[in-house]
$ cat final-v8.cif   # mmCIF, C-alpha atoms
data_model
#
loop_
_atom_site.label_atom_id
_atom_site.label_comp_id
_atom_site.auth_asym_id
_atom_site.auth_seq_id
_atom_site.Cartn_x
_atom_site.Cartn_y
_atom_site.Cartn_z
CA SER A 18 -10.32 -9.06 -6.43
CA GLN A 19 -8.45 -8.15 -3.28
CA GLN A 20 -6.08 -10.77 -1.95
CA GLY A 21 -6.32 -9.62 1.66
CA GLU A 22 -9.55 -8.83 3.45
CA GLU A 23 -9.49 -7.18 6.87
CA ASP A 24 -12.00 -7.68 9.60
CA PRO A 25 -13.56 -5.69 11.14
CA GLN A 26 -13.93 -2.79 8.73
CA ALA A 27 -14.06 -0.39 11.67
CA LEU A 28 -13.11 -0.72 15.31
CA SER A 29 -13.57 1.79 18.12
CA ILE A 30 -12.05 1.17 21.55
CA GLN A 31 -10.98 3.06 24.66
CA GLU A 32 -7.43 4.18 25.18
CA GLY A 33 -5.46 1.54 27.03
CA GLU A 34 -7.41 -1.38 25.61
CA ASN A 35 -6.01 -3.86 23.13
CA ALA A 36 -7.04 -3.78 19.47
CA THR A 37 -7.13 -6.88 17.30
CA MET A 38 -7.54 -6.80 13.54
CA ASN A 39 -7.76 -9.82 11.29
CA CYS A 40 -6.79 -10.45 7.71
CA SER A 41 -7.73 -13.31 5.44
CA TYR A 42 -6.22 -14.06 2.06
CA LYS A 43 -6.80 -16.50 -0.77
CA THR A 44 -3.63 -17.83 -2.35
CA SER A 45 -0.27 -19.08 -1.15
CA ILE A 46 1.93 -16.24 -0.02
CA ASN A 47 5.58 -15.43 0.23
CA ASN A 48 5.03 -12.95 3.05
CA LEU A 49 2.32 -10.85 4.66
CA GLN A 50 2.79 -7.26 5.73
CA TRP A 51 0.85 -4.80 7.86
CA TYR A 52 0.75 -1.10 7.12
CA ARG A 53 -0.74 1.90 8.82
CA GLN A 54 -2.23 4.97 7.15
CA ASN A 55 -3.10 8.22 8.80
CA SER A 56 -5.86 10.09 7.04
CA GLY A 57 -4.81 11.16 3.55
CA ARG A 58 -1.17 10.29 4.10
CA GLY A 59 1.11 7.62 2.70
CA LEU A 60 1.13 4.15 4.18
CA VAL A 61 3.77 3.28 6.73
CA HIS A 62 5.17 -0.22 7.01
CA LEU A 63 4.67 -1.80 10.44
CA ILE A 64 5.77 -5.40 10.27
CA LEU A 65 6.51 -8.20 7.81
CA ILE A 66 5.96 -11.87 8.56
CA ARG A 67 7.21 -14.57 6.23
CA SER A 68 5.25 -17.67 5.31
CA ASN A 69 7.47 -19.89 7.46
CA GLU A 70 6.95 -17.73 10.57
CA ARG A 71 4.01 -18.02 12.95
CA GLU A 72 4.39 -14.99 15.20
CA LYS A 73 6.32 -11.77 15.26
CA HIS A 74 6.58 -8.88 17.70
CA SER A 75 7.56 -5.27 17.31
CA GLY A 76 7.08 -3.01 20.32
CA ARG A 77 3.35 -3.00 21.13
CA LEU A 78 2.56 -4.90 17.94
CA ARG A 79 2.08 -8.64 17.71
CA VAL A 80 1.37 -10.34 14.40
CA THR A 81 0.38 -13.96 13.92
CA LEU A 82 0.16 -15.93 10.71
CA ASP A 83 -1.75 -19.15 10.13
CA THR A 84 -1.02 -20.35 6.62
CA SER A 85 -3.33 -23.34 6.99
CA LYS A 86 -6.26 -20.97 7.55
CA LYS A 87 -4.83 -18.30 5.27
CA SER A 88 -5.23 -15.70 7.97
CA SER A 89 -3.26 -13.23 10.03
CA SER A 90 -3.98 -11.02 12.98
CA LEU A 91 -2.50 -7.77 14.22
CA LEU A 92 -2.71 -7.03 17.92
CA ILE A 93 -1.95 -3.56 19.25
CA THR A 94 -1.57 -3.62 23.01
CA ALA A 95 -2.17 -0.72 25.40
CA SER A 96 -3.62 1.44 22.64
CA ARG A 97 -3.04 5.17 22.50
CA ALA A 98 -4.97 7.97 20.85
CA ALA A 99 -2.10 8.29 18.37
CA ASP A 100 -2.82 4.75 17.14
CA THR A 101 -5.97 6.06 15.48
CA ALA A 102 -5.49 5.25 11.79
CA SER A 103 -6.40 2.75 9.10
CA TYR A 104 -4.53 -0.54 9.13
CA PHE A 105 -3.99 -2.64 6.03
CA CYS A 106 -2.68 -6.09 5.46
CA ALA A 107 -0.86 -6.77 2.22
CA THR A 108 0.20 -10.03 0.69
CA ALA A 109 2.95 -10.96 -1.69
CA ALA A 110 1.85 -14.06 -3.53
CA ARG A 111 4.26 -16.95 -3.85
CA GLU A 112 3.82 -16.70 -7.59
CA GLY A 113 4.44 -13.19 -8.80
CA ALA A 114 5.92 -11.78 -5.61
CA GLN A 115 6.56 -8.57 -7.47
CA LYS A 116 3.23 -7.06 -6.53
CA LEU A 117 1.88 -6.41 -3.07
CA VAL A 118 -1.88 -6.59 -2.88
CA PHE A 119 -3.68 -4.67 -0.14
CA GLY A 120 -6.94 -5.33 1.60
CA GLN A 121 -9.61 -2.71 2.22
CA GLY A 122 -8.29 -1.90 5.68
CA THR A 123 -9.60 -1.59 9.21
CA ARG A 124 -10.38 1.89 10.47
CA LEU A 125 -9.25 2.00 14.12
CA THR A 126 -10.41 4.76 16.43
CA ILE A 127 -8.96 5.09 19.91
CA ASN A 128 -11.16 7.13 22.22
CA PRO A 129 -9.38 9.07 24.98
CA ASP B 11 9.74 11.02 6.26
CA SER B 12 9.82 7.92 4.05
CA GLY B 13 12.37 9.34 1.63
CA VAL B 14 9.98 8.92 -1.29
CA THR B 15 8.97 12.17 -2.96
CA GLN B 16 5.87 12.63 -5.06
CA THR B 17 4.96 15.71 -7.06
CA PRO B 18 2.65 17.46 -7.35
CA LYS B 19 0.76 17.04 -4.08
CA HIS B 20 -2.50 18.17 -5.60
CA LEU B 21 -3.72 18.29 -9.16
CA ILE B 22 -7.03 19.56 -10.43
CA THR B 23 -7.82 19.08 -14.08
CA ALA B 24 -10.71 18.63 -16.46
CA THR B 25 -12.09 15.53 -18.11
CA GLY B 26 -10.27 14.53 -21.26
CA GLN B 27 -6.98 16.02 -20.15
CA ARG B 28 -3.62 14.32 -19.59
CA VAL B 29 -1.43 14.61 -16.51
CA THR B 30 1.92 13.30 -15.37
CA LEU B 31 2.66 12.30 -11.81
CA ARG B 32 6.25 12.08 -10.69
CA CYS B 33 7.98 9.94 -8.09
CA SER B 34 11.51 9.97 -6.74
CA PRO B 35 12.25 6.77 -4.80
CA ARG B 36 14.62 6.39 -1.87
CA SER B 37 18.18 6.56 -3.12
CA GLU B 38 18.91 2.92 -2.27
CA ASP B 39 15.76 1.47 -3.85
CA LEU B 40 15.54 -0.01 -7.33
CA SER B 41 11.85 -0.92 -7.22
CA VAL B 42 9.03 1.55 -7.77
CA TYR B 43 5.35 0.75 -7.37
CA TRP B 44 2.28 2.78 -8.25
CA TYR B 45 -1.03 2.45 -6.43
CA GLN B 46 -4.39 4.15 -6.80
CA GLN B 47 -6.52 4.72 -3.72
CA SER B 48 -10.17 5.64 -4.02
CA LEU B 49 -13.02 5.40 -1.53
CA ASP B 50 -14.91 2.72 -3.41
CA GLN B 51 -12.00 0.64 -4.75
CA GLY B 52 -9.53 0.81 -1.90
CA LEU B 53 -5.82 0.59 -2.65
CA GLN B 54 -5.33 -0.84 -6.13
CA PHE B 55 -1.96 -1.99 -7.42
CA LEU B 56 -1.21 -0.45 -10.81
CA ILE B 57 2.33 -1.33 -11.85
CA HIS B 58 5.80 -2.26 -10.60
CA TYR B 59 9.15 -1.36 -12.10
CA TYR B 60 12.53 -2.69 -11.11
CA ASN B 61 15.68 -0.92 -12.29
CA GLY B 62 13.90 0.46 -15.33
CA GLU B 63 12.05 -2.68 -16.34
CA GLU B 64 8.36 -3.42 -15.89
CA ARG B 65 7.98 -6.38 -13.52
CA ALA B 66 4.28 -6.64 -12.77
CA LYS B 67 1.07 -5.08 -13.92
CA GLY B 68 -2.15 -4.81 -11.98
CA ASN B 69 -5.45 -3.13 -12.69
CA ILE B 70 -3.94 -0.39 -14.80
CA LEU B 71 -6.14 1.09 -17.49
CA GLU B 72 -4.91 1.35 -21.06
CA ARG B 73 -5.25 5.13 -20.71
CA PHE B 74 -2.56 4.99 -18.04
CA SER B 75 1.11 4.35 -18.62
CA ALA B 76 4.25 4.50 -16.55
CA GLN B 77 7.98 4.34 -16.90
CA GLN B 78 11.08 4.29 -14.76
CA PHE B 79 14.04 6.28 -15.95
CA PRO B 80 17.78 5.50 -15.70
CA ASP B 81 18.04 7.72 -12.61
CA LEU B 82 15.26 5.50 -11.14
CA HIS B 83 12.64 8.19 -10.83
CA SER B 84 9.28 7.19 -12.24
CA GLU B 85 6.38 8.89 -13.93
CA LEU B 86 2.76 7.84 -14.18
CA ASN B 87 0.91 9.28 -17.15
CA LEU B 88 -2.86 9.46 -17.07
CA SER B 89 -4.67 10.44 -20.25
CA SER B 90 -8.23 11.01 -21.43
CA LEU B 91 -9.11 11.59 -17.82
CA GLU B 92 -12.55 10.71 -16.52
CA LEU B 93 -14.34 11.76 -13.35
CA GLY B 94 -13.77 8.28 -11.94
CA ASP B 95 -10.01 8.74 -12.13
CA SER B 96 -10.19 11.14 -9.21
CA ALA B 97 -8.19 9.46 -6.47
CA LEU B 98 -5.03 9.48 -4.45
CA TYR B 99 -2.10 8.09 -6.41
CA PHE B 100 0.74 6.68 -4.37
CA CYS B 101 4.23 5.78 -5.34
CA ALA B 102 6.22 3.40 -3.20
CA SER B 103 9.76 2.10 -3.41
CA SER B 104 11.62 -0.86 -2.03
CA ALA B 105 15.08 -2.35 -2.20
CA THR B 106 13.91 -5.66 -3.63
CA GLY B 107 10.62 -7.18 -4.69
CA ASP B 108 10.40 -8.96 -1.35
CA SER B 109 11.06 -6.14 1.10
CA PRO B 110 8.75 -3.58 2.73
CA LEU B 111 7.42 -0.70 0.70
CA HIS B 112 8.14 2.92 1.53
CA PHE B 113 5.31 5.16 0.43
CA GLY B 114 5.29 8.75 -0.65
CA ASN B 115 2.53 11.05 0.56
CA GLY B 116 0.66 10.75 -2.70
CA THR B 117 -0.76 12.99 -5.38
CA ARG B 118 -4.41 13.86 -4.95
CA LEU B 119 -5.95 14.04 -8.41
CA THR B 120 -9.30 15.71 -8.88
CA VAL B 121 -10.94 15.50 -12.28
CA THR B 122 -13.77 17.98 -12.81
#

$ encode --input "final-v8.cif" --output "structure tokens"
Amino acid sequence: SQQGEEDPQALSIQEGENATMNCSYKTSINNLQWYRQNSGRGLVHLILIRSNEREKHSGRLRVTLDTSKKSSSLLITASRAADTASYFCATAAREGAQKLVFGQGTRLTINP
Amino acid sequence: DSGVTQTPKHLITATGQRVTLRCSPRSEDLSVYWYQQSLDQGLQFLIHYYNGEERAKGNILERFSAQQFPDLHSELNLSSLELGDSALYFCASSATGDSPLHFGNGTRLTVT
């Protein structure tokens, strides 16, 4: 079964608004990563947060990690039409960190 | 451009056939990962190689096999193909098992 599960499955907002996506996972992790995928293309790494970190920023992206709740969130501020894509969280388990397990993704649509 | 090259981009073949997908990782990366992405199963981890050695195995069918060569390129062999094997197959590379993945643009396999 998938380690990471994103919520919501789909999100549609207006340009300029903030978008928040959530990810829950099941086992202890070494790190959690967020990736973006444009339709039919390869995934692009956005940000990595380690298990001993609680928050991380990169440009308009803000990621939080709550290991007690086994959850993470990705916030995209001031969204743009170009942010339209699918967003995936991926977890590297503390045991067997050699494989990165992806969730089903959130499909984000930014309406102009 | 991620620096990861996958060939071919598209492959159409018949049931029962065998195909080989090829991946050239970024020059500085020793790790290669293979993933299968289908509409109903999402992004499934298949296998991970590090410097020529298998490090982790996921939901890889016995009909599938992979290897990483001394020059670090990798091949994924799919045999006795079934209709359900139709999917996007991604290769990704990373410097270590704990660093972000860099994905190729995938091989779209269609089994008819």

$ resolve_selection --input "final-v8.cif" --expression "the PyMOL selection byres ((chain B and resi 23) around 10)" --output "number ranges by chain"
B: 21-22, 24-29, 91-93, 96, 119-122

$ atom_distance --input "final-v8.cif" --atom1 "CA of Glu32 in chain A" --atom2 "CA of Ser103 in chain A"
16.2 Å

$ interface_residues --input "final-v8.cif" --of "chain B" --to "chain A" --cutoff "10 Å" --atoms "all atoms listed in the file" --output "PyMOL selection string"
chain B and resi 11-12+14+41+43+45+47+49-60+65-69+98-102+106-118

$ write_last_selection --input "final-v8.cif" --atoms "C-alpha atoms" --output "PDB file, in the coordinates of the input"
ATOM      1  CA  ASP B  11       9.740  11.020   6.260  1.00  0.00           C
ATOM      2  CA  SER B  12       9.820   7.920   4.050  1.00  0.00           C
ATOM      3  CA  VAL B  14       9.980   8.920  -1.290  1.00  0.00           C
ATOM      4  CA  SER B  41      11.850  -0.920  -7.220  1.00  0.00           C
ATOM      5  CA  TYR B  43       5.350   0.750  -7.370  1.00  0.00           C
ATOM      6  CA  TYR B  45      -1.030   2.450  -6.430  1.00  0.00           C
ATOM      7  CA  GLN B  47      -6.520   4.720  -3.720  1.00  0.00           C
ATOM      8  CA  LEU B  49     -13.020   5.400  -1.530  1.00  0.00           C
ATOM      9  CA  ASP B  50     -14.910   2.720  -3.410  1.00  0.00           C
ATOM     10  CA  GLN B  51     -12.000   0.640  -4.750  1.00  0.00           C
ATOM     11  CA  GLY B  52      -9.530   0.810  -1.900  1.00  0.00           C
ATOM     12  CA  LEU B  53      -5.820   0.590  -2.650  1.00  0.00           C
ATOM     13  CA  GLN B  54      -5.330  -0.840  -6.130  1.00  0.00           C
ATOM     14  CA  PHE B  55      -1.960  -1.990  -7.420  1.00  0.00           C
ATOM     15  CA  LEU B  56      -1.210  -0.450 -10.810  1.00  0.00           C
ATOM     16  CA  ILE B  57       2.330  -1.330 -11.850  1.00  0.00           C
ATOM     17  CA  HIS B  58       5.800  -2.260 -10.600  1.00  0.00           C
ATOM     18  CA  TYR B  59       9.150  -1.360 -12.100  1.00  0.00           C
ATOM     19  CA  TYR B  60      12.530  -2.690 -11.110  1.00  0.00           C
ATOM     20  CA  ARG B  65       7.980  -6.380 -13.520  1.00  0.00           C
ATOM     21  CA  ALA B  66       4.280  -6.640 -12.770  1.00  0.00           C
ATOM     22  CA  LYS B  67       1.070  -5.080 -13.920  1.00  0.00           C
ATOM     23  CA  GLY B  68      -2.150  -4.810 -11.980  1.00  0.00           C
ATOM     24  CA  ASN B  69      -5.450  -3.130 -12.690  1.00  0.00           C
ATOM     25  CA  LEU B  98      -5.030   9.480  -4.450  1.00  0.00           C
ATOM     26  CA  TYR B  99      -2.100   8.090  -6.410  1.00  0.00           C
ATOM     27  CA  PHE B 100       0.740   6.680  -4.370  1.00  0.00           C
ATOM     28  CA  CYS B 101       4.230   5.780  -5.340  1.00  0.00           C
ATOM     29  CA  ALA B 102       6.220   3.400  -3.200  1.00  0.00           C
ATOM     30  CA  THR B 106      13.910  -5.660  -3.630  1.00  0.00           C
ATOM     31  CA  GLY B 107      10.620  -7.180  -4.690  1.00  0.00           C
ATOM     32  CA  ASP B 108      10.400  -8.960  -1.350  1.00  0.00           C
ATOM     33  CA  SER B 109      11.060  -6.140   1.100  1.00  0.00           C
ATOM     34  CA  PRO B 110       8.750  -3.580   2.730  1.00  0.00           C
ATOM     35  CA  LEU B 111       7.420  -0.700   0.700  1.00  0.00           C
ATOM     36  CA  HIS B 112       8.140   2.920   1.530  1.00  0.00           C
ATOM     37  CA  PHE B 113       5.310   5.160   0.430  1.00  0.00           C
ATOM     38  CA  GLY B 114       5.290   8.750  -0.650  1.00  0.00           C
ATOM     39  CA  ASN B 115       2.530  11.050   0.560  1.00  0.00           C
ATOM     40  CA  GLY B 116       0.660  10.750  -2.700  1.00  0.00           C
ATOM     41  CA  THR B 117      -0.760  12.990  -5.380  1.00  0.00           C
ATOM     42  CA  ARG B 118      -4.410  13.860  -4.950  1.00  0.00           C
TER      43      ARG B 118
END

$ atom_distance --input "final-v8.cif" --atom1 "CA of Ala98 in chain A" --atom2 "CA of Pro129 in chain A"
6.1 Å

$ resolve_selection --input "final-v8.cif" --expression "the PyMOL selection byres ((chain A and resi 45) around 10)" --output "PyMOL selection string"
chain A and resi 42-44+46-48+68+84-85+87+108-112

$ resolve_selection --input "final-v8.cif" --expression "the PyMOL selection byres ((chain A and resi 102) around 10)" --output "PyMOL selection string"
chain A and resi 53-56+98-101+103-105+122-127

$ axis_aligned_box --input "final-v8.cif" --around "range 94-102 of chain B" --padding-each-side "4 Å" --output "AutoDock Vina command-line options"
--center_x -3.8 --center_y 7.3 --center_z -7.7 --size_x 28.0 --size_y 15.7 --size_z 16.9

$ residues_around --input "final-v8.cif" --residues "Asn35 in chain A" --least-positions-apart "2" --cutoff "7 Å" --atoms "only C-alpha atoms" --output "PyMOL selection string"
chain A and resi 33+37+92-96

$ atom_distance --input "final-v8.cif" --atom1 "CA of Ser103 in chain B" --atom2 "CA of Phe79 in chain B"
13.9 Å

$ residues_around --input "final-v8.cif" --residues "Cys33 in chain B" --least-positions-apart "3" --cutoff "7 Å" --atoms "all atoms listed in the file" --output "list in words"
Thr15, Gln16, Thr17, His83, Ser84, Glu85 and Cys101 of chain B

$ write_last_selection --input "final-v8.cif" --atoms "C-alpha atoms" --output "compact mmCIF listing (two decimals), in the frame of the given file"
# COMPACT_ATOMS: atom_id res chain seq x y z
CA THR B 15 8.97 12.17 -2.96
CA GLN B 16 5.87 12.63 -5.06
CA THR B 17 4.96 15.71 -7.06
CA HIS B 83 12.64 8.19 -10.83
CA SER B 84 9.28 7.19 -12.24
CA GLU B 85 6.38 8.89 -13.93
CA CYS B 101 4.23 5.78 -5.34

$ closest_residue --input "final-v8.cif" --among "A:Gln26, A:His74, A:Gln31, A:Cys40" --to "Ala107 in chain A" --atoms "all atoms listed in the file"
A:Cys40

$ closest_residue --input "final-v8.cif" --among "B:Pro35, B:Lys19, B:Val42, B:Ala105" --to "Ala76 in chain B" --atoms "all atoms listed in the file"
B:Val42
